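The file coords33.txt comes next; it holds compact mmCIF, C-alpha atoms and all ligand atoms.
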# COMPACT_ATOMS: atom_id res chain seq x y z
CA MET T 138 -56.13 -61.43 256.86
CA SER T 139 -53.62 -60.14 254.30
CA MET T 140 -51.06 -57.74 255.71
CA LEU T 141 -51.96 -54.88 253.35
CA MET T 142 -50.61 -52.27 255.76
CA GLN T 143 -47.32 -53.93 256.76
CA ASP T 144 -44.64 -51.33 257.60
CA ARG T 145 -47.16 -48.47 257.30
CA ALA T 146 -47.89 -45.89 259.99
CA VAL T 147 -51.34 -44.33 260.15
CA VAL T 148 -53.37 -41.90 262.24
CA VAL T 149 -57.05 -42.53 262.96
CA THR T 150 -58.84 -39.61 264.63
CA GLY T 151 -61.87 -40.12 266.88
CA ALA T 152 -60.84 -43.75 267.36
CA GLY T 153 -61.85 -44.23 270.99
CA ARG T 154 -65.22 -45.70 270.03
CA GLY T 155 -67.57 -46.35 267.12
CA LEU T 156 -66.33 -46.35 263.55
CA GLY T 157 -62.89 -44.94 264.38
CA GLU T 158 -62.22 -47.74 266.87
CA ALA T 159 -63.20 -50.35 264.26
CA PHE T 160 -60.94 -48.67 261.66
CA ALA T 161 -57.96 -48.55 264.04
CA VAL T 162 -58.35 -52.22 265.06
CA HIS T 163 -58.79 -53.38 261.44
CA LEU T 164 -55.78 -51.39 260.19
CA ALA T 165 -53.63 -52.74 263.03
CA GLN T 166 -54.72 -56.29 262.16
CA ALA T 167 -53.54 -55.58 258.60
CA GLY T 168 -50.07 -54.70 259.95
CA ALA T 169 -50.27 -50.92 260.41
CA ALA T 170 -48.73 -49.08 263.34
CA VAL T 171 -51.59 -46.87 264.51
CA VAL T 172 -51.91 -43.57 266.35
CA VAL T 173 -55.28 -43.96 268.06
CA ASN T 174 -56.53 -40.42 268.58
CA ASP T 175 -59.60 -39.34 270.53
CA VAL T 176 -60.36 -36.21 272.53
CA ASP T 177 -61.59 -38.70 275.13
CA ALA T 178 -58.05 -39.77 276.08
CA GLU T 179 -59.17 -42.72 278.23
CA LEU T 180 -61.09 -44.24 275.34
CA ALA T 181 -58.13 -43.69 272.98
CA GLU T 182 -55.87 -45.50 275.46
CA ARG T 183 -58.41 -48.34 275.76
CA THR T 184 -58.43 -48.90 271.97
CA ALA T 185 -54.62 -48.67 271.76
CA ALA T 186 -54.18 -51.10 274.69
CA ASN T 187 -56.60 -53.54 273.05
CA ILE T 188 -54.58 -53.43 269.80
CA ARG T 189 -51.31 -53.99 271.71
CA ALA T 190 -52.85 -56.85 273.72
CA HIS T 191 -53.54 -58.61 270.41
CA GLY T 192 -49.94 -58.17 269.22
CA GLY T 193 -50.43 -54.96 267.21
CA ARG T 194 -48.60 -51.65 267.34
CA ALA T 195 -50.52 -48.65 268.66
CA VAL T 196 -50.06 -45.48 270.66
CA ALA T 197 -52.81 -43.27 272.07
CA SER T 198 -53.31 -39.53 271.54
CA GLY T 199 -55.83 -37.49 273.54
CA HIS T 200 -55.48 -34.36 271.39
CA SER T 201 -58.41 -32.45 269.92
CA VAL T 202 -58.44 -32.15 266.13
CA ALA T 203 -60.28 -28.83 266.52
CA ASP T 204 -57.09 -27.09 267.70
CA PRO T 205 -54.41 -26.55 265.02
CA ALA T 206 -51.45 -27.09 267.36
CA GLN T 207 -52.99 -30.26 268.80
CA ALA T 208 -53.86 -31.55 265.32
CA ALA T 209 -50.21 -31.07 264.31
CA ALA T 210 -49.15 -32.87 267.52
CA ILE T 211 -51.16 -35.97 266.47
CA VAL T 212 -49.16 -36.16 263.23
CA ASP T 213 -45.87 -35.42 265.06
CA LEU T 214 -46.61 -38.29 267.45
CA CYS T 215 -46.99 -40.67 264.49
CA VAL T 216 -43.66 -39.55 263.01
CA SER T 217 -41.79 -39.65 266.33
CA GLU T 218 -43.20 -43.05 267.39
CA PHE T 219 -43.24 -44.85 264.05
CA GLY T 220 -40.78 -42.85 261.87
CA ALA T 221 -43.34 -41.64 259.27
CA ILE T 222 -46.97 -41.06 258.45
CA ASP T 223 -48.30 -43.02 255.49
CA GLY T 224 -52.03 -42.73 256.09
CA LEU T 225 -54.65 -40.61 257.80
CA VAL T 226 -58.28 -41.44 258.54
CA ASN T 227 -60.05 -38.15 259.29
CA ASN T 228 -62.88 -39.73 261.29
CA ALA T 229 -63.47 -37.57 264.41
CA GLY T 230 -66.87 -35.93 264.16
CA LEU T 231 -69.88 -34.50 265.98
CA ASN T 232 -73.56 -34.67 265.05
CA TYR T 233 -76.86 -33.26 266.30
CA GLU T 234 -80.32 -32.63 264.89
CA ALA T 235 -82.00 -29.19 264.85
CA LEU T 236 -84.38 -27.22 262.70
CA PRO T 237 -82.73 -24.04 261.34
CA TRP T 238 -84.71 -21.70 263.59
CA GLU T 239 -83.85 -23.78 266.66
CA GLU T 240 -80.07 -23.82 266.16
CA ASP T 241 -77.83 -23.08 269.15
CA LEU T 242 -74.99 -21.00 267.65
CA ASP T 243 -72.39 -22.38 270.08
CA GLU T 244 -73.32 -25.87 268.93
CA VAL T 245 -73.02 -24.77 265.28
CA ARG T 246 -69.52 -23.44 265.87
CA GLU T 247 -68.40 -26.51 267.83
CA LEU T 248 -69.58 -28.87 265.09
CA VAL T 249 -67.87 -26.89 262.32
CA GLU T 250 -64.67 -26.68 264.37
CA VAL T 251 -64.46 -30.47 264.69
CA ASN T 252 -66.03 -31.69 261.42
CA VAL T 253 -64.56 -29.09 259.04
CA LEU T 254 -61.60 -27.33 260.66
CA GLY T 255 -60.49 -30.53 262.43
CA VAL T 256 -60.33 -32.38 259.10
CA MET T 257 -58.44 -29.46 257.54
CA TYR T 258 -55.97 -29.00 260.43
CA THR T 259 -55.13 -32.70 260.72
CA GLY T 260 -55.08 -33.13 256.95
CA ILE T 261 -52.78 -30.15 256.39
CA ALA T 262 -50.35 -31.39 259.08
CA ALA T 263 -50.36 -34.89 257.56
CA VAL T 264 -49.89 -33.60 254.00
CA LYS T 265 -46.93 -31.43 255.07
CA ALA T 266 -45.23 -34.45 256.64
CA MET T 267 -46.04 -36.71 253.67
CA VAL T 268 -44.80 -34.19 251.07
CA ALA T 269 -41.60 -33.59 253.09
CA ALA T 270 -40.94 -37.35 253.30
CA GLY T 271 -41.54 -37.70 249.54
CA ARG T 272 -42.98 -41.21 249.63
CA GLY T 273 -46.64 -40.44 248.96
CA GLY T 274 -49.51 -41.47 251.18
CA SER T 275 -53.25 -41.90 251.42
CA ILE T 276 -55.94 -39.89 253.19
CA VAL T 277 -59.46 -41.16 253.84
CA ASN T 278 -61.91 -38.49 255.00
CA ILE T 279 -65.16 -39.61 256.60
CA SER T 280 -68.02 -37.76 254.95
CA SER T 281 -71.71 -38.75 255.03
CA GLY T 282 -74.69 -39.41 252.78
CA ALA T 283 -76.19 -36.49 254.72
CA SER T 284 -73.98 -34.22 252.56
CA LEU T 285 -76.64 -34.63 249.86
CA GLY T 286 -79.05 -32.75 252.15
CA GLN T 287 -81.21 -34.02 255.02
CA ARG T 288 -83.93 -32.53 257.18
CA LYS T 289 -82.82 -31.25 260.60
CA LEU T 290 -79.19 -31.91 259.70
CA GLY T 291 -78.29 -28.69 257.84
CA VAL T 292 -75.14 -27.85 259.79
CA TYR T 293 -73.92 -31.47 259.91
CA ALA T 294 -74.75 -31.96 256.20
CA ALA T 295 -72.86 -28.77 255.29
CA SER T 296 -69.84 -29.91 257.30
CA LYS T 297 -69.80 -33.24 255.45
CA GLY T 298 -70.30 -31.46 252.11
CA ALA T 299 -67.23 -29.40 252.97
CA VAL T 300 -65.34 -32.65 253.57
CA ALA T 301 -66.43 -33.91 250.13
CA SER T 302 -65.28 -30.67 248.41
CA LEU T 303 -61.99 -30.80 250.30
CA THR T 304 -61.49 -34.38 249.12
CA TYR T 305 -61.97 -33.52 245.43
CA SER T 306 -59.76 -30.43 245.68
CA TRP T 307 -56.91 -32.04 247.59
CA ALA T 308 -57.01 -35.05 245.25
CA LEU T 309 -56.26 -32.58 242.42
CA ASP T 310 -53.50 -30.79 244.35
CA LEU T 311 -51.77 -33.90 245.66
CA GLU T 312 -51.78 -36.35 242.76
CA GLU T 313 -48.30 -35.33 241.66
CA SER T 314 -46.98 -35.91 245.20
CA GLY T 315 -48.34 -39.46 245.12
CA ILE T 316 -50.88 -38.73 247.85
CA ARG T 317 -54.37 -40.11 247.21
CA VAL T 318 -57.39 -38.48 248.87
CA ASN T 319 -60.74 -40.26 249.02
CA ALA T 320 -63.79 -40.10 251.27
CA VAL T 321 -66.13 -42.70 252.74
CA CYS T 322 -69.82 -42.21 253.59
CA PRO T 323 -70.55 -44.89 256.21
CA LEU T 324 -73.68 -46.07 257.94
CA ALA T 325 -73.20 -48.03 261.15
CA HIS T 326 -74.60 -48.55 264.61
CA THR T 327 -72.70 -46.16 266.87
CA ARG T 328 -73.73 -43.70 269.57
CA MET T 329 -74.24 -41.15 266.74
CA VAL T 330 -77.08 -43.32 265.41
CA TRP T 331 -78.45 -44.24 268.86
CA LYS T 332 -79.14 -40.53 269.47
CA SER T 333 -81.56 -40.20 266.53
CA GLU T 334 -84.87 -42.03 266.08
CA ARG T 335 -84.72 -41.54 262.31
CA SER T 336 -81.14 -42.87 262.06
CA LEU T 337 -82.11 -45.87 264.19
CA ARG T 338 -85.00 -46.63 261.79
CA ASN T 339 -82.59 -46.49 258.79
CA CYS T 340 -79.84 -48.50 260.42
CA PRO T 341 -80.63 -52.13 261.33
CA PRO T 342 -78.59 -53.50 264.26
CA ASP T 343 -76.49 -55.75 262.01
CA ARG T 344 -74.82 -52.66 260.45
CA THR T 345 -71.75 -52.78 262.68
CA PRO T 346 -68.76 -50.40 262.33
CA SER T 347 -66.50 -53.35 261.50
CA ARG T 348 -68.46 -53.83 258.23
CA ILE T 349 -67.18 -50.43 257.00
CA ALA T 350 -63.54 -50.97 258.05
CA PRO T 351 -62.50 -53.05 254.97
CA VAL T 352 -63.47 -50.13 252.69
CA VAL T 353 -61.23 -47.75 254.64
CA LEU T 354 -58.39 -50.32 254.70
CA PHE T 355 -58.63 -50.81 250.93
CA LEU T 356 -58.55 -47.08 250.17
CA LEU T 357 -55.58 -46.51 252.52
CA SER T 358 -53.56 -49.37 251.05
CA ASP T 359 -51.57 -49.67 247.82
CA ALA T 360 -54.30 -51.99 246.52
CA ALA T 361 -56.20 -48.75 245.74
CA GLU T 362 -53.37 -47.36 243.58
CA GLY T 363 -54.84 -45.03 240.93
CA ILE T 364 -58.00 -44.34 242.94
CA THR T 365 -58.28 -40.75 244.16
CA GLY T 366 -60.90 -37.99 244.42
CA GLN T 367 -63.70 -40.50 245.04
CA LEU T 368 -66.61 -40.49 247.48
CA VAL T 369 -67.52 -44.09 248.35
CA ARG T 370 -70.67 -45.02 250.28
CA CYS T 371 -71.06 -48.23 252.27
CA ASN T 372 -74.03 -48.96 254.52
CA GLY T 373 -73.30 -52.61 255.25
CA PRO T 374 -74.69 -54.56 252.29
CA GLN T 375 -74.45 -51.77 249.68
CA LEU T 376 -71.22 -50.33 248.28
CA HIS T 377 -71.28 -47.60 245.64
CA ILE T 378 -69.62 -44.44 244.36
CA VAL T 379 -71.39 -41.16 245.11
CA GLY T 380 -71.72 -39.09 241.90
CA GLN T 381 -69.98 -35.73 241.76
CA PRO T 382 -71.90 -32.44 241.41
CA TYR T 383 -71.65 -31.24 237.81
CA LEU T 384 -72.49 -28.28 235.56
CA LYS T 385 -75.82 -29.21 234.04
CA ALA T 386 -76.81 -28.57 230.43
CA PRO T 387 -78.37 -26.58 228.88
CA ILE T 388 -75.94 -23.77 229.73
CA LEU T 389 -77.55 -20.57 228.46
CA GLU T 390 -75.40 -17.65 227.35
CA ARG T 391 -76.02 -13.94 226.92
CA HIS T 392 -73.72 -10.98 227.33
CA THR T 393 -75.41 -9.98 230.62
CA TRP T 394 -78.30 -11.30 232.68
CA ASP T 395 -80.90 -8.95 234.17
CA THR T 396 -83.79 -10.04 236.38
CA ASP T 397 -86.20 -10.19 233.44
CA THR T 398 -83.97 -12.48 231.37
CA VAL T 399 -83.20 -14.67 234.41
CA ARG T 400 -86.95 -15.00 234.98
CA GLN T 401 -87.47 -15.81 231.31
CA ALA T 402 -84.72 -18.45 231.49
CA PHE T 403 -86.50 -20.13 234.41
CA ASP T 404 -89.99 -19.83 232.86
CA GLU T 405 -88.98 -21.09 229.43
CA VAL T 406 -86.05 -23.44 230.03
CA PHE T 407 -84.99 -24.31 233.59
CA SER T 408 -88.47 -25.11 234.91
CA ALA T 409 -88.19 -28.43 233.14
CA HIS T 410 -84.64 -29.02 234.36
CA LEU T 411 -85.03 -28.37 238.09
CA GLU T 412 -83.33 -31.02 240.21
CA PRO T 413 -84.98 -33.20 242.82
CA TYR T 414 -83.10 -32.15 245.95
CA GLY T 415 -81.77 -33.68 249.15
CA LEU T 416 -81.08 -37.32 249.90
CA GLU T 417 -84.86 -37.92 249.73
CA LYS T 418 -84.94 -36.48 246.15
CA ARG T 419 -87.78 -34.05 246.78
CA VAL T 420 -89.26 -32.67 243.58
CA PRO T 421 -89.41 -28.83 243.61
CA PRO T 422 -93.00 -27.46 243.76
CA ARG T 423 -92.87 -25.99 240.25
CA LEU T 424 -92.13 -29.40 238.76
CA ARG T 425 -94.37 -31.36 241.12
CA LYS T 426 -97.60 -30.79 239.20
CA TRP T 427 -96.02 -32.69 236.29
CA THR T 428 -94.71 -35.58 238.35
CA THR T 429 -97.52 -36.29 240.84
CA PRO T 430 -99.50 -39.34 239.67
CA LEU T 431 -103.13 -38.57 238.75
CA ARG T 432 -105.67 -39.86 241.27
CA SER T 433 -108.63 -41.73 239.81
CA ALA T 434 -111.92 -39.96 240.56
N1 LIG T 501 -72.49 -43.76 262.42
C1 LIG T 501 -72.91 -43.48 261.21
O1 LIG T 501 -73.85 -44.11 260.69
C2 LIG T 501 -72.24 -42.39 260.42
C3 LIG T 501 -72.82 -42.03 259.18
C4 LIG T 501 -72.18 -41.08 258.41
C5 LIG T 501 -71.00 -40.50 258.86
N2 LIG T 501 -70.47 -40.85 260.07
C6 LIG T 501 -69.22 -40.20 260.48
O2 LIG T 501 -68.32 -41.19 260.96
C7 LIG T 501 -67.43 -40.61 261.92
C8 LIG T 501 -67.42 -41.45 263.19
O3 LIG T 501 -68.71 -41.40 263.76
P1 LIG T 501 -69.29 -42.46 264.80
O4 LIG T 501 -70.63 -42.82 264.32
O5 LIG T 501 -68.27 -43.51 265.08
O6 LIG T 501 -69.49 -41.47 266.05
P2 LIG T 501 -69.05 -41.60 267.59
O7 LIG T 501 -69.69 -40.44 268.26
O8 LIG T 501 -69.34 -42.97 268.09
O9 LIG T 501 -67.46 -41.41 267.55
C9 LIG T 501 -66.85 -40.18 267.24
C10 LIG T 501 -65.60 -40.05 268.07
O10 LIG T 501 -64.95 -38.79 267.74
C11 LIG T 501 -64.41 -38.27 268.93
N3 LIG T 501 -64.20 -36.81 268.83
C12 LIG T 501 -65.14 -35.84 268.90
N4 LIG T 501 -64.55 -34.63 268.84
C13 LIG T 501 -63.21 -34.84 268.73
C14 LIG T 501 -62.10 -33.99 268.63
N5 LIG T 501 -62.23 -32.64 268.66
N6 LIG T 501 -60.86 -34.53 268.50
C15 LIG T 501 -60.70 -35.88 268.50
N7 LIG T 501 -61.74 -36.75 268.62
C16 LIG T 501 -62.98 -36.23 268.73
C17 LIG T 501 -65.44 -38.59 270.00
O11 LIG T 501 -64.90 -38.53 271.31
C18 LIG T 501 -65.88 -40.00 269.58
O12 LIG T 501 -65.14 -41.00 270.26
C19 LIG T 501 -67.93 -39.18 262.12
O13 LIG T 501 -67.18 -38.28 261.34
C20 LIG T 501 -69.35 -39.23 261.63
O14 LIG T 501 -69.84 -37.97 261.22
C21 LIG T 501 -71.09 -41.78 260.86

This structure in C-alpha cells:
Amino acid sequence: MSMLMQDRAVVVTGAGRGLGEAFAVHLAQAGAAVVVNDVDAELAERTAANIRAHGGRAVASGHSVADPAQAAAIVDLCVSEFGAIDGLVNNAGLNYEALPWEEDLDEVRELVEVNVLGVMYTGIAAVKAMVAAGRGGSIVNISSGASLGQRKLGVYAASKGAVASLTYSWALDLEESGIRVNAVCPLAHTRMVWKSERSLRNCPPDRTPSRIAPVVLFLLSDAAEGITGQLVRCNGPQLHIVGQPYLKAPILERHTWDTDTVRQAFDEVFSAHLEPYGLEKRVPPRLRKWTTPLRSA
C-alpha cells in the first residue's frame, strides 16, 4: 500500500472496535502514527498493540470524548507522543432506537454528549493545535445516512445532522488555515448494526469496516487536496456525495407574512413543491393523492 500518511500523526476516536479500529489500522499501514482512542481503554490498548506488533506506530488513549478536558488530553497526547497532530477522525459514537414517546431522557443526553459535544470538543482541541502549528491538517467527521431522517432514530439522526452542519461550517472557517473538514457516512457490520434488525437487513455481512477505511484515508491525506466541506457516503459497493440542503425556489416575497398569506402561499404555491422527506423519501400526505398510482378497477 502507498505510504500516503508517512510522517503524519493522527487521532482516531472510538477506535477500540468496529469502524474506528479499521480506520486506525489502515492509517497506520499507510505510515501514520496513530493515537488510538476509546473510552474502553482495554480495547484501545488492544488495537494499538496490534498496530505496533505489525511494525506501526500507535499509542492508546482511554479518554472519553464527551468530557472537554479529556477530549483536549487526547489531542495533547498526540502532540506529546508524535510532535504534532495532522489529522483527526471523529468516529466515537453511540446509537439506539426509540420512538419519540418512548425516549429515555438520560439516554438522549448521553448520545448527544458523545455524538455532538464529543465531536465538537475533540475537533476544537485539534483545530487549536493545528492552527497554532500553522501547517494545516485534515478532519474527517463520521456522520450517517440517518441524518436524512429515519424512523426510530430521531435523536441519533439529529446528532449526525449536527455533525454534517458542523462539517460545512468548519470547512468555511478553516479553509484559510489550510485545514480541510469533510464527513463520511459509512455502512458496515459492527456491533452498532448487530443491535438493530432493520440495520442487519440493510447491511449484508460482506460490508466490513475495512471497506470504508480507504475513503477515510483518502480524505485525511494530501491526495484529497482541494476537497473540503463534503459529505461522502460509502456502503461497501457504492460511493457517492451526499447533496447539501439548499434554499428551494420559488422564494416568495412580501413585506410581512400573516397567517392568511402563509396559508395562501401553501395552498397556491408550495403544495406542489413539498419535499419527499426522510431517507425513505416519504411523500407528504397533501402531495400523495397526485403521486399514488391509480389502481385498475
Ligand atoms: N456501523 C455502521 O453501519 C454505521 C453507519 C453510520 C454511521 N456510523 C458511525 O460510525 C462510528 C463508529 O461506529 P461503529 O459502527 O464502529 O460502532 P461501535 O459501537 O462498534 O464502535 C464505537 C466505539 O466508540 C466508542 N465510544 C463510545 N463512547 C465513547 C466516548 N465517550 N469516548 C471515546 N470512545 C467512545 C465505543 O467504546 C466503541 O468502541 C459512529 O460514529 C457511528 O455512529 C456507523

Which polymer residues, protein or nucleic acid, are no farther than 10 Å from (-57.3, -29.1, 268.0), counting all atoms listed in the file, as an mmCIF file with C-alpha atoms, in the coordinates of the input?
data_model
loop_
_atom_site.group_PDB
_atom_site.id
_atom_site.type_symbol
_atom_site.label_atom_id
_atom_site.label_comp_id
_atom_site.auth_asym_id
_atom_site.auth_seq_id
_atom_site.Cartn_x
_atom_site.Cartn_y
_atom_site.Cartn_z
ATOM 1 C CA VAL T 176 -60.360 -36.210 272.530
ATOM 2 C CA HIS T 200 -55.480 -34.360 271.390
ATOM 3 C CA SER T 201 -58.410 -32.450 269.920
ATOM 4 C CA VAL T 202 -58.440 -32.150 266.130
ATOM 5 C CA ALA T 203 -60.280 -28.830 266.520
ATOM 6 C CA ASP T 204 -57.090 -27.090 267.700
ATOM 7 C CA PRO T 205 -54.410 -26.550 265.020
ATOM 8 C CA ALA T 206 -51.450 -27.090 267.360
ATOM 9 C CA GLN T 207 -52.990 -30.260 268.800
ATOM 10 C CA ALA T 208 -53.860 -31.550 265.320
ATOM 11 C CA ALA T 209 -50.210 -31.070 264.310
ATOM 12 C CA ALA T 210 -49.150 -32.870 267.520
ATOM 13 C CA ILE T 211 -51.160 -35.970 266.470
ATOM 14 C CA GLU T 250 -64.670 -26.680 264.370
ATOM 15 C CA VAL T 251 -64.460 -30.470 264.690
ATOM 16 C CA LEU T 254 -61.600 -27.330 260.660
ATOM 17 C CA GLY T 255 -60.490 -30.530 262.430
ATOM 18 C CA VAL T 256 -60.330 -32.380 259.100
ATOM 19 C CA TYR T 258 -55.970 -29.000 260.430
ATOM 20 C CA THR T 259 -55.130 -32.700 260.720
#

Mind listing the residues within 6 Å of ligand LIG 501 (chain T), all atoms listed in the file counted, as a count of residues only? 31

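Using all atoms listed in the file, the protein and nucleic acid residues lying no more than 9 Å from Leu354 in chain T, apart from those fewer than 5 places from it along its own chain, are Leu141, Met142, Phe160, His163, Leu164 and Ala167 of chain T.
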
Test item: residues at most 7 Å from Ala308 in chain T, all atoms listed in the file, excluding those fewer than 3 positions along its chain, as a VMD selection string: chain T and resid 304 to 305 311 to 312 317 to 318 365 to 366

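Residues in contact with Glu179 in chain T at 8 Å, where all atoms listed in the file are counted and same-chain residues fewer than 3 positions away are skipped, are listed as Gly153, Glu182, Arg183 and Gly199 of chain T.
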
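The spacing separating CA of Val379 in chain T from CA of Asn278 in chain T amounts to 14.0 Å.
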
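For the pair CA of Asn319 in chain T and CA of Arg419 in chain T, the separation is 27.8 Å.
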
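What separates CA of Gly274 in chain T from CA of Glu313 in chain T is a distance of 11.4 Å.
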
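Excluding Cys371 in chain T and any residue on its chain fewer than 5 positions from it, the residues at most 9 Å away by only C-alpha atoms are Val321, Cys322, Pro323, Leu324, Arg348, Ile349, Val352, Leu376, His377 and Ile378 of chain T.
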
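Closest approach to Glu239 in chain T from the set T:Gly273, T:Pro374, T:Gly260, T:Gly291 is made by T:Gly291, with distances taken over all atoms listed in the file.
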
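Of the listed residues (T:Ser217, T:Val162, T:Ser347, T:Ala409), T:Ser347 comes nearest to Gly373 in chain T; the distances count all atoms listed in the file.
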
When you look at Trp427 in chain T with a cut-off of 12 Å (counting all atoms listed in the file), what residues show up, excluding the ones that are within fewer than 5 positions of it in the same chain? I need them as a ChimeraX atom specification. /T:408-409,411,420-422
